[in-house]
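Below is one structure; the comments refer to it alone.
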Amino acid sequence: MTHHDKKSITKDGQLLIRKMETDQVETVWDRHEAQQPQCGFCEMGLSCRICVMGPCRIDPFGEGPSQGVCGADGDIIVARNLCRMIAAGAAAHSDHGRDLVEVLEGVAENRAPGYEIRDQEKLGKVAAEYGISTEGRNTAEIATELAGAMKEDFGTAKKEIALASRAPEKRQDLWRRLNIMPRGIDRETSEAMHRTHMGVDNDWQSLLLHGLRNALSDGWGGSMIATEVSDILFGTPKPTPAKVNAGVLKEDHVNVVVHGHNPVVSEMVLAACNDPGIIKMAETKGAKGINLCGVCCTGNELFMRHGIPMAGNHLMTELIIATGAVDMMIVDYQCIMPALSKVAACYHTKMISTSDKARFAGMEHVEFHPDNAREKAYEVVKGAVENFSNRGEVYIPVEPIDSVGGFSVEAVIGALGGSPEPLLDAIKAGKIRGAAGIVGCNNPKIKHDYGHVTLTKRLIENDVLVVDTGCAAIANAKAGFKISGAISHAGPGLKEVCGSLGIPPVLHFGSCVDNVRILVLAAALANALGTDISDLPLAGAAPEWYSEKAVSIGAYAVASGIYTVLGPMPPIAGSMNVVELLTKGLEDVVGAAFAVEPDPEKAAVLMRRRIEEKRRGLGLDAADL
Ligand code: BF8
Ligand code: SF4
């Protein structure tokens with residue numbers, strides 16, 4: 001094994017890391033190494049720079065200071081820092097949701113040319129959930145009112161956000177009893193920032209409870225709105241085949257890669273790439289056509305809805321530029337390493353930033369808004385075509401592999417014949433032991449894709465159905481788990497059920513905001529059994545997480561009753577009180593807790609054990625693990 005092979009389990013990853021080394025271009029792994037040793041105080045959550053009496057840090061060994069200048073102790077500092085991580089993650093997801101609501105409103109008011117409402121049925125269904133009457137009203141009226149009602153979810157006027165009503169009654173009652181039912185999406189984030197200001201909430205338990213409420217405002221609020229409105233505007237995903245890995249790039253085509261999260265930009269780029277005039281232009285430049293590919297979550301959005309090929313996940317974003325085949329990378333926001341501009345400058349790739357709120361040195365900024373997005377998309381894609389002739393040497397190291405995406409809850413229920421009952425029957429019969437959500441990022445601290453792929457493999461071979469999102473979903477697609485033939489990796493029961501339904505044992509649920517699809521499915525299963533989510537044989541994991549958004553996701557999963565195993569340790573080890581509460585105490589509060597286990601082999605055992613415990617609780621057959 002060479003040192004490249006220690007960084008990634010994927011062939012394309014390994015070969016492109018080697019290529020970047022030969023080209024003497026720095027990678028995320030080099031920069032990670034240059035940061036060693038990383039600050040131990042920060043790793044434990046024990047440093048505070050909330051105010052300018054500080055920065056302060058607490059000595060975990062009891063030899064140095066035990067409190068900051070203001071008197072905050074380790075518990076307060078750790079809880080405050082974690083709360084702020086949740087707030088940032090919830091803000092990112094929810095702001096993305098808000099951008100979609102603005103497009104919905106723009107479509108209704110006829111000032112978003114190129115966008116349309118592609119799923120009328122979903123518009124009607126979601127409008128009804130908001131108490132909006134649809135009888136005898138036209139689409140524009142319904143969409144305007146729905147956008148207005150969703151905007152109220154972001155504000156201060158309400159006692160409860162609308163879509164929290166999708167949670168099982170028992171869960172909603174629990175949130176009300178604990179006073180963590182989210183009232184408004186922005187309100188909870190803003191309150192988190194207020195509470196964590198110096199001299200406000202100095203009770204670590206109260207801070208963490210608010211962190212849960214803030215995370216719930218993301219999961220059942222901002223992210224849920226993002227997913228629902230994306231479905232309304234761009235269509236609810238259906239199982240669609242698509243190719244994956246760096247081999248999706250084509251030497252003889254103009255390659256355009258979209259990176260980021262919000263389909264508002266990438267959907268317009270897709271429309272431009274399909275335009276016959278632009279394709280003709282590409283042909284006059286000697287290309288065979290235009291090949292649009294995605295990375296990360298905006299890639300997942302296109303992959304789910306249109307079968308657009310997926311070039312890779314978070315740690316592949318630099319590497320694919322080193323192929324020399326990416327004529328343009330168009331970014332919106334989130335998870336876009338600023339290093340990409342520098343990498344692109346070493347090859348011929350043109351980098352385009354599109355969002356007013358996400359600018360990067362070294363990228364050309366072409367600002368997209370709902371009213372000009374179509375026009376801007378055409379403009380930038382023409383630029384990509386122009387750049388084709390600037391190509392140098394091209395190195396596309398692998399062949400792409402097959403995959404299937406597009407498992408929305410609607411598609412899963414459809415595959416089951418219209419109701420969750422057959423899935424519940426398979427669980428009751430023990431053919432499927434339970435289900436696991438594998439989500440989240442890549443992180444150079446963990447061998448690229450090793451956590452996701454190992455964990456998934458162990459779960460499916462033990463008859464646990466896996467649903468996945470985000471970069472985890474891309475890892476599993478690249479590993480070949482998302483074709484019907486992948487049932488050969490599954491245990492006998494899962495193999496039988498998936499085989500008869502014609503679905504893979506690992507279902508691609510979408511981007512990170514689409515984690516809410518897992519919540520919706522879990523709620524549907526709990527409601528069908530007349531129970532709560534925390535009683536179901538479910539578990540979640542984020543084996544390679546890195547981002548603040550992942551902290552918010554983990555917190556809303558746990559607060560919704562889903563036991564969640566984290567790979568990398570969050571910065572909480574400096575407070576044993578916080579660690580105890582998050583990994584044990586929360587069981588008695590919300591019926592689920594976190595575990596931390598970097599070894600995916602062991603994480604699989606923890607998750608299976610949890611699933612078997614829950615089976616026992618439901619009176620089903622259960623194994624001792
Ligand atoms: O929202 S999984 S690295 S791309 S944060 Fe980012 Fe993590 Fe990937 Fe998507 Ni989610
Ligand atoms: Fe230090 Fe307290 Fe200020 Fe934090 S809030 S930097 S602990 S004085």
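Chain labels run A, B, ... following the order of the structure tokens; each chain numbers its residues from 1, and ligands are numbered from 1 in the order shown.
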Contact check, chain A to ligand 1, at most 9 Å, counting only C-alpha atoms and all ligand atoms, closest pairs as a tab-separated table:
```
residue	atom	partner	partner_atom_place_in_ligand_line	distance
A:Gly89	CA	ligand 1	5 (S)	8.8
A:His93	CA	ligand 1	1 (O)	8.2
A:His259	CA	ligand 1	4 (S)	8.4
A:Gly260	CA	ligand 1	4 (S)	6.7
A:His261	CA	ligand 1	9 (Fe)	6.3
A:Val295	CA	ligand 1	4 (S)	7.9
A:Cys296	CA	ligand 1	4 (S)	4.2
A:Cys297	CA	ligand 1	9 (Fe)	4.3
A:Thr298	CA	ligand 1	9 (Fe)	7.6
A:Gly299	CA	ligand 1	4 (S)	8.9
A:Asn300	CA	ligand 1	9 (Fe)	8.5
A:Asn313	CA	ligand 1	8 (Fe)	6.3
A:His314	CA	ligand 1	3 (S)	4.9
A:Leu315	CA	ligand 1	3 (S)	8.0
A:Gln334	CA	ligand 1	6 (Fe)	6.6
A:Cys335	CA	ligand 1	6 (Fe)	4.6
A:Ile336	CA	ligand 1	6 (Fe)	8.0
A:Val439	CA	ligand 1	2 (S)	6.7
A:Gly440	CA	ligand 1	2 (S)	3.8
A:Cys441	CA	ligand 1	7 (Fe)	3.3
A:Asn442	CA	ligand 1	3 (S)	5.7
A:Asn443	CA	ligand 1	3 (S)	7.9
A:Thr469	CA	ligand 1	2 (S)	7.3
A:Gly470	CA	ligand 1	2 (S)	4.1
A:Cys471	CA	ligand 1	2 (S)	4.2
A:Ala472	CA	ligand 1	2 (S)	6.6
A:Ala473	CA	ligand 1	2 (S)	8.5
A:Ile474	CA	ligand 1	8 (Fe)	8.9
A:Ser511	CA	ligand 1	9 (Fe)	6.1
A:Cys512	CA	ligand 1	1 (O)	4.4
A:Val513	CA	ligand 1	1 (O)	6.8
A:Ala542	CA	ligand 1	2 (S)	8.9
A:Glu544	CA	ligand 1	7 (Fe)	8.5
A:Trp545	CA	ligand 1	7 (Fe)	6.2
A:Tyr546	CA	ligand 1	7 (Fe)	6.4
A:Ser547	CA	ligand 1	5 (S)	5.3
A:Glu548	CA	ligand 1	5 (S)	7.5
A:Lys549	CA	ligand 1	5 (S)	5.7
A:Ala550	CA	ligand 1	5 (S)	6.0
```
Got time to write the residues from that selection, N, CA, C and O atoms, as a compact mmCIF listing (two decimals), in the first residue's frame?
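Produced file out13.txt, reproduced below:
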```txt
# COMPACT_ATOMS: atom_id res chain seq x y z
N GLY A 89 -25.18 25.46 11.55
CA GLY A 89 -25.68 24.42 10.64
C GLY A 89 -27.14 24.65 10.29
O GLY A 89 -27.54 24.57 9.12
N HIS A 93 -28.73 25.40 6.40
CA HIS A 93 -29.82 24.65 5.76
C HIS A 93 -31.05 25.52 5.54
O HIS A 93 -31.73 25.43 4.52
N HIS A 259 -21.29 22.40 -8.21
CA HIS A 259 -20.86 22.08 -6.85
C HIS A 259 -21.59 23.02 -5.89
O HIS A 259 -21.74 24.21 -6.17
N GLY A 260 -22.01 22.49 -4.78
CA GLY A 260 -22.70 23.30 -3.78
C GLY A 260 -23.94 22.56 -3.31
O GLY A 260 -23.91 21.33 -3.16
N HIS A 261 -25.03 23.30 -3.12
CA HIS A 261 -26.21 22.67 -2.53
C HIS A 261 -27.55 23.02 -3.15
O HIS A 261 -28.47 22.22 -3.13
N VAL A 295 -21.07 17.36 -8.19
CA VAL A 295 -20.37 16.85 -7.01
C VAL A 295 -21.18 17.31 -5.80
O VAL A 295 -21.98 18.24 -5.90
N CYS A 296 -20.96 16.66 -4.69
CA CYS A 296 -21.60 17.02 -3.42
C CYS A 296 -23.12 17.13 -3.56
O CYS A 296 -23.72 16.46 -4.38
N CYS A 297 -23.71 18.03 -2.77
CA CYS A 297 -25.18 17.93 -2.66
C CYS A 297 -25.95 18.52 -3.82
O CYS A 297 -27.02 18.02 -4.15
N THR A 298 -25.45 19.57 -4.46
CA THR A 298 -26.21 20.05 -5.62
C THR A 298 -26.13 18.96 -6.70
O THR A 298 -27.07 18.76 -7.48
N GLY A 299 -25.03 18.22 -6.70
CA GLY A 299 -24.92 17.04 -7.56
C GLY A 299 -25.97 16.02 -7.20
O GLY A 299 -26.64 15.45 -8.07
N ASN A 300 -26.16 15.79 -5.89
CA ASN A 300 -27.19 14.84 -5.46
C ASN A 300 -28.58 15.27 -5.92
O ASN A 300 -29.42 14.43 -6.28
N ASN A 313 -17.67 13.02 -4.16
CA ASN A 313 -18.11 13.70 -2.94
C ASN A 313 -17.04 14.69 -2.46
O ASN A 313 -16.08 14.97 -3.18
N HIS A 314 -17.24 15.17 -1.25
CA HIS A 314 -16.46 16.30 -0.73
C HIS A 314 -14.94 16.20 -1.00
O HIS A 314 -14.34 17.13 -1.52
N LEU A 315 -14.33 15.08 -0.65
CA LEU A 315 -12.87 15.00 -0.81
C LEU A 315 -12.46 14.77 -2.27
O LEU A 315 -11.27 14.76 -2.58
N GLN A 334 -21.89 26.46 0.34
CA GLN A 334 -21.64 25.41 1.36
C GLN A 334 -20.72 24.29 0.85
O GLN A 334 -20.94 23.73 -0.21
N CYS A 335 -19.73 23.99 1.69
CA CYS A 335 -18.79 22.88 1.48
C CYS A 335 -17.86 23.09 0.28
O CYS A 335 -17.26 22.13 -0.21
N ILE A 336 -17.77 24.33 -0.18
CA ILE A 336 -16.89 24.61 -1.31
C ILE A 336 -15.55 25.09 -0.74
O ILE A 336 -15.47 26.20 -0.22
N VAL A 439 -25.34 9.08 6.78
CA VAL A 439 -25.37 10.43 6.23
C VAL A 439 -24.03 11.13 6.44
O VAL A 439 -23.14 10.62 7.10
N GLY A 440 -23.92 12.31 5.85
CA GLY A 440 -22.81 13.20 6.17
C GLY A 440 -21.66 13.14 5.20
O GLY A 440 -21.73 12.54 4.13
N CYS A 441 -20.58 13.70 5.67
CA CYS A 441 -19.50 14.23 4.84
C CYS A 441 -18.37 13.23 4.61
O CYS A 441 -18.46 12.07 4.94
N ASN A 442 -17.29 13.77 4.05
CA ASN A 442 -15.94 13.19 4.13
C ASN A 442 -15.12 14.13 5.01
O ASN A 442 -15.42 15.31 5.14
N ASN A 443 -14.06 13.58 5.57
CA ASN A 443 -13.21 14.36 6.46
C ASN A 443 -11.80 13.78 6.33
O ASN A 443 -11.65 12.56 6.48
N THR A 469 -27.72 9.71 2.42
CA THR A 469 -27.81 11.06 1.82
C THR A 469 -26.41 11.67 1.76
O THR A 469 -25.46 11.12 2.33
N GLY A 470 -26.32 12.81 1.12
CA GLY A 470 -25.11 13.62 1.15
C GLY A 470 -23.91 12.89 0.57
O GLY A 470 -24.01 12.10 -0.36
N CYS A 471 -22.75 13.16 1.16
CA CYS A 471 -21.52 12.55 0.65
C CYS A 471 -21.47 11.06 0.96
O CYS A 471 -20.80 10.30 0.25
N ALA A 472 -22.17 10.63 2.02
CA ALA A 472 -22.25 9.19 2.32
C ALA A 472 -22.93 8.47 1.17
O ALA A 472 -22.51 7.38 0.74
N ALA A 473 -23.98 9.09 0.64
CA ALA A 473 -24.75 8.47 -0.45
C ALA A 473 -23.88 8.33 -1.70
O ALA A 473 -23.99 7.35 -2.44
N ILE A 474 -23.01 9.31 -1.90
CA ILE A 474 -22.13 9.26 -3.08
C ILE A 474 -21.08 8.15 -2.89
O ILE A 474 -20.78 7.39 -3.81
N SER A 511 -29.77 14.72 -0.99
CA SER A 511 -28.76 15.63 -0.46
C SER A 511 -28.89 15.70 1.06
O SER A 511 -29.71 14.99 1.65
N CYS A 512 -28.12 16.59 1.68
CA CYS A 512 -28.21 16.67 3.15
C CYS A 512 -29.51 17.27 3.64
O CYS A 512 -30.02 16.86 4.67
N VAL A 513 -30.06 18.26 2.92
CA VAL A 513 -31.38 18.73 3.38
C VAL A 513 -32.39 17.60 3.27
O VAL A 513 -33.38 17.55 4.00
N ALA A 542 -23.17 9.15 11.12
CA ALA A 542 -22.43 10.09 10.27
C ALA A 542 -20.95 9.73 10.43
O ALA A 542 -20.24 10.30 11.24
N GLU A 544 -18.18 10.02 8.72
CA GLU A 544 -17.03 10.85 8.31
C GLU A 544 -17.39 12.33 8.36
O GLU A 544 -16.89 13.13 7.59
N TRP A 545 -18.27 12.71 9.29
CA TRP A 545 -18.79 14.08 9.27
C TRP A 545 -17.71 15.11 9.53
O TRP A 545 -16.74 14.84 10.22
N TYR A 546 -17.91 16.31 8.99
CA TYR A 546 -17.01 17.42 9.33
C TYR A 546 -17.75 18.71 9.65
O TYR A 546 -17.22 19.58 10.32
N SER A 547 -18.98 18.89 9.13
CA SER A 547 -19.51 20.26 9.06
C SER A 547 -20.47 20.59 10.20
O SER A 547 -21.02 19.70 10.85
N GLU A 548 -20.68 21.88 10.40
CA GLU A 548 -21.65 22.33 11.40
C GLU A 548 -23.05 21.86 11.03
O GLU A 548 -23.87 21.59 11.89
N LYS A 549 -23.31 21.77 9.72
CA LYS A 549 -24.63 21.28 9.30
C LYS A 549 -24.85 19.86 9.81
O LYS A 549 -25.96 19.49 10.20
N ALA A 550 -23.78 19.07 9.81
CA ALA A 550 -23.91 17.69 10.28
C ALA A 550 -24.23 17.66 11.78
O ALA A 550 -24.93 16.75 12.25
```
Counting only C-alpha atoms and all ligand atoms, which protein, DNA or RNA residues come within 10 Å of ligand 2, given as a PyMOL selection string? chain A and resi 46-58+67-74+76-77+80-81+196-200
Hey, can you spit out that residue selection with N, CA and C atoms as a CSV table (one decimal), in the first residue's frame?
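Just written: out-v1.csv:
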```csv
chain,number,residue,atom,x,y,z
A,46,LEU,N,-12.8,23.3,24.6
A,46,LEU,CA,-12.5,24.1,25.9
A,46,LEU,C,-11.9,25.5,25.6
A,47,SER,N,-11.9,25.9,24.4
A,47,SER,CA,-11.4,27.3,24.1
A,47,SER,C,-12.6,28.2,23.8
A,48,CYS,N,-12.6,29.4,24.2
A,48,CYS,CA,-13.7,30.3,24.0
A,48,CYS,C,-13.2,31.7,23.5
A,49,ARG,N,-13.7,32.1,22.4
A,49,ARG,CA,-13.4,33.5,21.9
A,49,ARG,C,-14.7,34.2,21.6
A,50,ILE,N,-15.6,34.0,22.5
A,50,ILE,CA,-16.9,34.7,22.3
A,50,ILE,C,-16.8,36.2,22.7
A,51,CYS,N,-15.9,36.5,23.6
A,51,CYS,CA,-15.8,38.0,23.8
A,51,CYS,C,-14.3,38.4,23.9
A,52,VAL,N,-14.1,39.6,24.1
A,52,VAL,CA,-12.7,40.2,24.0
A,52,VAL,C,-12.1,40.4,25.4
A,53,MET,N,-12.8,39.9,26.5
A,53,MET,CA,-12.1,39.7,27.7
A,53,MET,C,-11.2,38.5,27.5
A,54,GLY,N,-11.6,37.6,26.6
A,54,GLY,CA,-10.8,36.5,26.3
A,54,GLY,C,-9.9,36.8,25.1
A,55,PRO,N,-9.4,35.8,24.3
A,55,PRO,CA,-9.8,34.4,24.3
A,55,PRO,C,-9.4,33.7,25.6
A,56,CYS,N,-10.2,32.7,26.0
A,56,CYS,CA,-9.9,31.9,27.2
A,56,CYS,C,-9.8,30.4,26.9
A,57,ARG,N,-9.1,29.7,27.7
A,57,ARG,CA,-9.2,28.3,27.6
A,57,ARG,C,-9.1,27.6,29.0
A,58,ILE,N,-9.7,26.5,29.1
A,58,ILE,CA,-9.8,25.7,30.3
A,58,ILE,C,-8.8,24.6,30.3
A,67,GLN,N,-11.6,28.3,34.8
A,67,GLN,CA,-12.7,29.2,34.2
A,67,GLN,C,-12.1,30.3,33.4
A,68,GLY,N,-13.0,30.8,32.5
A,68,GLY,CA,-12.6,31.9,31.7
A,68,GLY,C,-12.6,33.2,32.5
A,69,VAL,N,-12.2,34.3,31.8
A,69,VAL,CA,-12.2,35.6,32.5
A,69,VAL,C,-13.5,36.0,33.1
A,70,CYS,N,-14.6,35.6,32.4
A,70,CYS,CA,-16.0,35.9,32.9
A,70,CYS,C,-16.4,34.9,34.0
A,71,GLY,N,-15.7,33.9,34.1
A,71,GLY,CA,-16.1,32.8,35.1
A,71,GLY,C,-16.8,31.6,34.5
A,72,ALA,N,-16.9,31.6,33.2
A,72,ALA,CA,-17.5,30.4,32.5
A,72,ALA,C,-16.6,29.2,32.8
A,73,ASP,N,-17.2,28.1,33.2
A,73,ASP,CA,-16.4,26.9,33.3
A,73,ASP,C,-16.5,26.0,32.1
A,74,GLY,N,-15.8,24.9,32.2
A,74,GLY,CA,-15.7,24.0,31.0
A,74,GLY,C,-17.1,23.5,30.5
A,76,ILE,N,-20.0,25.1,30.6
A,76,ILE,CA,-20.6,26.2,29.9
A,76,ILE,C,-19.9,26.5,28.5
A,77,ILE,N,-18.6,26.5,28.5
A,77,ILE,CA,-17.9,26.8,27.3
A,77,ILE,C,-18.2,25.7,26.2
A,80,ARG,N,-21.8,26.0,25.1
A,80,ARG,CA,-22.0,27.2,24.2
A,80,ARG,C,-21.4,27.0,22.8
A,81,ASN,N,-20.2,26.4,22.8
A,81,ASN,CA,-19.6,26.2,21.5
A,81,ASN,C,-20.4,25.2,20.6
A,196,THR,N,-25.9,32.3,23.8
A,196,THR,CA,-24.5,32.0,23.9
A,196,THR,C,-23.6,33.3,23.9
A,197,HIS,N,-24.2,34.4,23.9
A,197,HIS,CA,-23.5,35.7,24.1
A,197,HIS,C,-23.0,35.6,25.6
A,198,MET,N,-21.9,36.3,25.9
A,198,MET,CA,-21.4,36.3,27.2
A,198,MET,C,-22.5,36.9,28.2
A,199,GLY,N,-22.7,36.1,29.2
A,199,GLY,CA,-23.6,36.6,30.3
A,199,GLY,C,-25.1,36.4,30.0
A,200,VAL,N,-25.4,35.4,29.2
A,200,VAL,CA,-26.8,35.1,29.0
A,200,VAL,C,-27.1,33.7,29.6
```
List the spatial neighbours of Val380 (chain A) as a ChimeraX atom specification - criterion: any atom at most 12 Å away, only C-alpha atoms, same-chain residues fewer than 2 positions off excluded. /A:256-258,265-266,268-270,272-273,278,327-331,350-354,364-368,373-378,382-387
Using only C-alpha atoms, find each residue in region 47-122 of chain A having at least one atom no more than 8 Å away from region 227-236 of chain A; report its shortest atom-to-atom pair and that distance in Å (one decimal), rows by chain then rising number, as a Markdown table.
```
| residue | atom | partner | partner_atom | distance |
| --- | --- | --- | --- | --- |
| A:Gly97 | CA | A:Thr227 | CA | 7.6 |
| A:Leu100 | CA | A:Val229 | CA | 6.3 |
| A:Val101 | CA | A:Val229 | CA | 6.7 |
| A:Leu104 | CA | A:Leu233 | CA | 7.1 |
| A:Tyr115 | CA | A:Leu233 | CA | 7.1 |
| A:Glu116 | CA | A:Leu233 | CA | 5.9 |
| A:Ile117 | CA | A:Leu233 | CA | 4.5 |
| A:Arg118 | CA | A:Gly235 | CA | 5.2 |
| A:Asp119 | CA | A:Ile232 | CA | 4.7 |
| A:Gln120 | CA | A:Ile232 | CA | 6.7 |
| A:Lys122 | CA | A:Ile232 | CA | 5.9 |
```
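Minimum atom-to-atom distances from A:Lys495, A:Asn214, A:Ile9, A:Ala92 to Glu461 (chain A) were compared using only C-alpha atoms, and the lowest value belongs to A:Lys495.
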Nearest-residue call for Leu209 (chain A), choices A:Ile321, A:Met20, A:Leu123, A:Ala79, using only C-alpha atoms: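 Comparing A:Ile321, A:Met20, A:Leu123, A:Ala79 against Leu209 (chain A), the winner is A:Ala79.
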Have a look at A:Leu507, A:Ala87, A:Ala528, A:Ala592 and name the one nearest to Ala557 (chain A); count only C-alpha atoms.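 With only C-alpha atoms as the atom set, the closest residue is A:Ala592.
Coordinates place CA of Asn262 (chain A) at a distance of 10.0 Å from CA of Ser355 (chain A).
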Write out as a ChimeraX atom specification the set of residues from region 263-310 of chain A that DSSP, computed on the backbone, places in helix (DSSP H, G or I). /A:263-273,276-284,296-306
Please, could you write that set of residues out with C-alpha atoms as a tab-separated table (two decimals), in the first residue's frame?
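The resulting again_29.tsv:
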```
chain	number	residue	atom	x	y	z
A	263	PRO	CA	-30.76	23.29	-7.10
A	264	VAL	CA	-31.91	26.82	-7.95
A	265	VAL	CA	-28.61	27.40	-9.79
A	266	SER	CA	-27.85	23.87	-10.98
A	267	GLU	CA	-31.30	23.30	-12.51
A	268	MET	CA	-30.79	26.35	-14.73
A	269	VAL	CA	-27.29	25.18	-15.63
A	270	LEU	CA	-28.84	21.85	-16.62
A	271	ALA	CA	-31.35	23.64	-18.86
A	272	ALA	CA	-28.52	25.58	-20.52
A	273	CYS	CA	-26.43	22.43	-21.04
A	276	PRO	CA	-29.43	22.75	-28.78
A	277	GLY	CA	-27.79	26.09	-29.65
A	278	ILE	CA	-25.12	25.70	-26.97
A	279	ILE	CA	-24.57	22.05	-27.85
A	280	LYS	CA	-24.04	23.12	-31.47
A	281	MET	CA	-21.53	25.70	-30.28
A	282	ALA	CA	-19.68	22.95	-28.38
A	283	GLU	CA	-19.58	20.88	-31.55
A	284	THR	CA	-18.07	23.72	-33.53
A	296	CYS	CA	-21.60	17.02	-3.42
A	297	CYS	CA	-25.18	17.93	-2.66
A	298	THR	CA	-26.21	20.05	-5.62
A	299	GLY	CA	-24.92	17.04	-7.56
A	300	ASN	CA	-27.19	14.84	-5.46
A	301	GLU	CA	-30.17	17.06	-6.29
A	302	LEU	CA	-29.58	16.62	-10.04
A	303	PHE	CA	-28.66	12.95	-9.64
A	304	MET	CA	-31.94	12.27	-7.79
A	305	ARG	CA	-34.20	14.11	-10.19
A	306	HIS	CA	-32.55	13.79	-13.59
```
Report as a PyMOL selection string all protein, DNA and RNA residues lying within 12 Å of Asp588 (chain A), evaluated on only C-alpha atoms, omitting residues in the same chain fewer than 6 positions from it. chain A and resi 174+178+534+558-559+561+580-582
Export all heavy atoms of the chosen residues as a compact mmCIF listing (two decimals), in the first residue's frame?
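Wrote it out as again35.txt, contents follow:
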```txt
# COMPACT_ATOMS: atom_id res chain seq x y z
N LEU A 174 -44.05 15.36 23.44
CA LEU A 174 -42.79 15.36 24.19
C LEU A 174 -42.07 16.69 23.98
O LEU A 174 -41.57 17.30 24.93
CB LEU A 174 -41.92 14.19 23.71
CG LEU A 174 -40.51 14.12 24.29
CD1 LEU A 174 -40.55 13.81 25.79
CD2 LEU A 174 -39.67 13.05 23.59
N LEU A 178 -41.10 19.35 26.92
CA LEU A 178 -39.71 19.75 27.18
C LEU A 178 -39.45 21.21 26.80
O LEU A 178 -38.36 21.71 26.99
CB LEU A 178 -38.76 18.87 26.36
CG LEU A 178 -38.66 17.40 26.72
CD1 LEU A 178 -37.86 16.64 25.65
CD2 LEU A 178 -38.01 17.22 28.09
N SER A 534 -38.89 6.87 18.38
CA SER A 534 -37.88 6.27 19.26
C SER A 534 -38.14 4.79 19.56
O SER A 534 -37.26 4.11 20.08
CB SER A 534 -37.78 7.06 20.56
OG SER A 534 -39.07 7.16 21.13
N VAL A 558 -31.46 12.90 16.80
CA VAL A 558 -31.59 12.42 18.18
C VAL A 558 -32.85 12.99 18.84
O VAL A 558 -33.63 12.27 19.46
CB VAL A 558 -30.31 12.75 18.99
CG1 VAL A 558 -30.53 12.55 20.48
CG2 VAL A 558 -29.14 11.88 18.50
N ALA A 559 -33.08 14.29 18.65
CA ALA A 559 -34.26 14.91 19.26
C ALA A 559 -35.55 14.35 18.66
O ALA A 559 -36.62 14.46 19.25
CB ALA A 559 -34.22 16.42 19.09
N GLY A 561 -35.77 11.15 18.05
CA GLY A 561 -35.86 9.78 18.57
C GLY A 561 -34.98 8.77 17.85
O GLY A 561 -35.18 7.58 17.99
N GLU A 580 -21.77 12.99 29.00
CA GLU A 580 -22.74 12.06 29.64
C GLU A 580 -24.16 12.35 29.17
O GLU A 580 -24.92 11.43 28.86
CB GLU A 580 -22.70 12.24 31.17
CG GLU A 580 -21.48 11.63 31.82
CD GLU A 580 -21.64 10.12 32.00
OE1 GLU A 580 -22.72 9.68 32.43
OE2 GLU A 580 -20.67 9.39 31.70
N LEU A 581 -24.50 13.63 29.12
CA LEU A 581 -25.87 13.96 28.72
C LEU A 581 -26.11 13.53 27.27
O LEU A 581 -27.13 12.91 26.96
CB LEU A 581 -26.15 15.46 28.87
CG LEU A 581 -27.58 15.84 28.46
CD1 LEU A 581 -28.61 15.38 29.49
CD2 LEU A 581 -27.74 17.33 28.23
N LEU A 582 -25.17 13.85 26.39
CA LEU A 582 -25.41 13.58 24.97
C LEU A 582 -25.36 12.09 24.66
O LEU A 582 -26.04 11.62 23.74
CB LEU A 582 -24.41 14.33 24.09
CG LEU A 582 -24.50 15.86 24.12
CD1 LEU A 582 -23.54 16.47 23.12
CD2 LEU A 582 -25.91 16.36 23.82
```
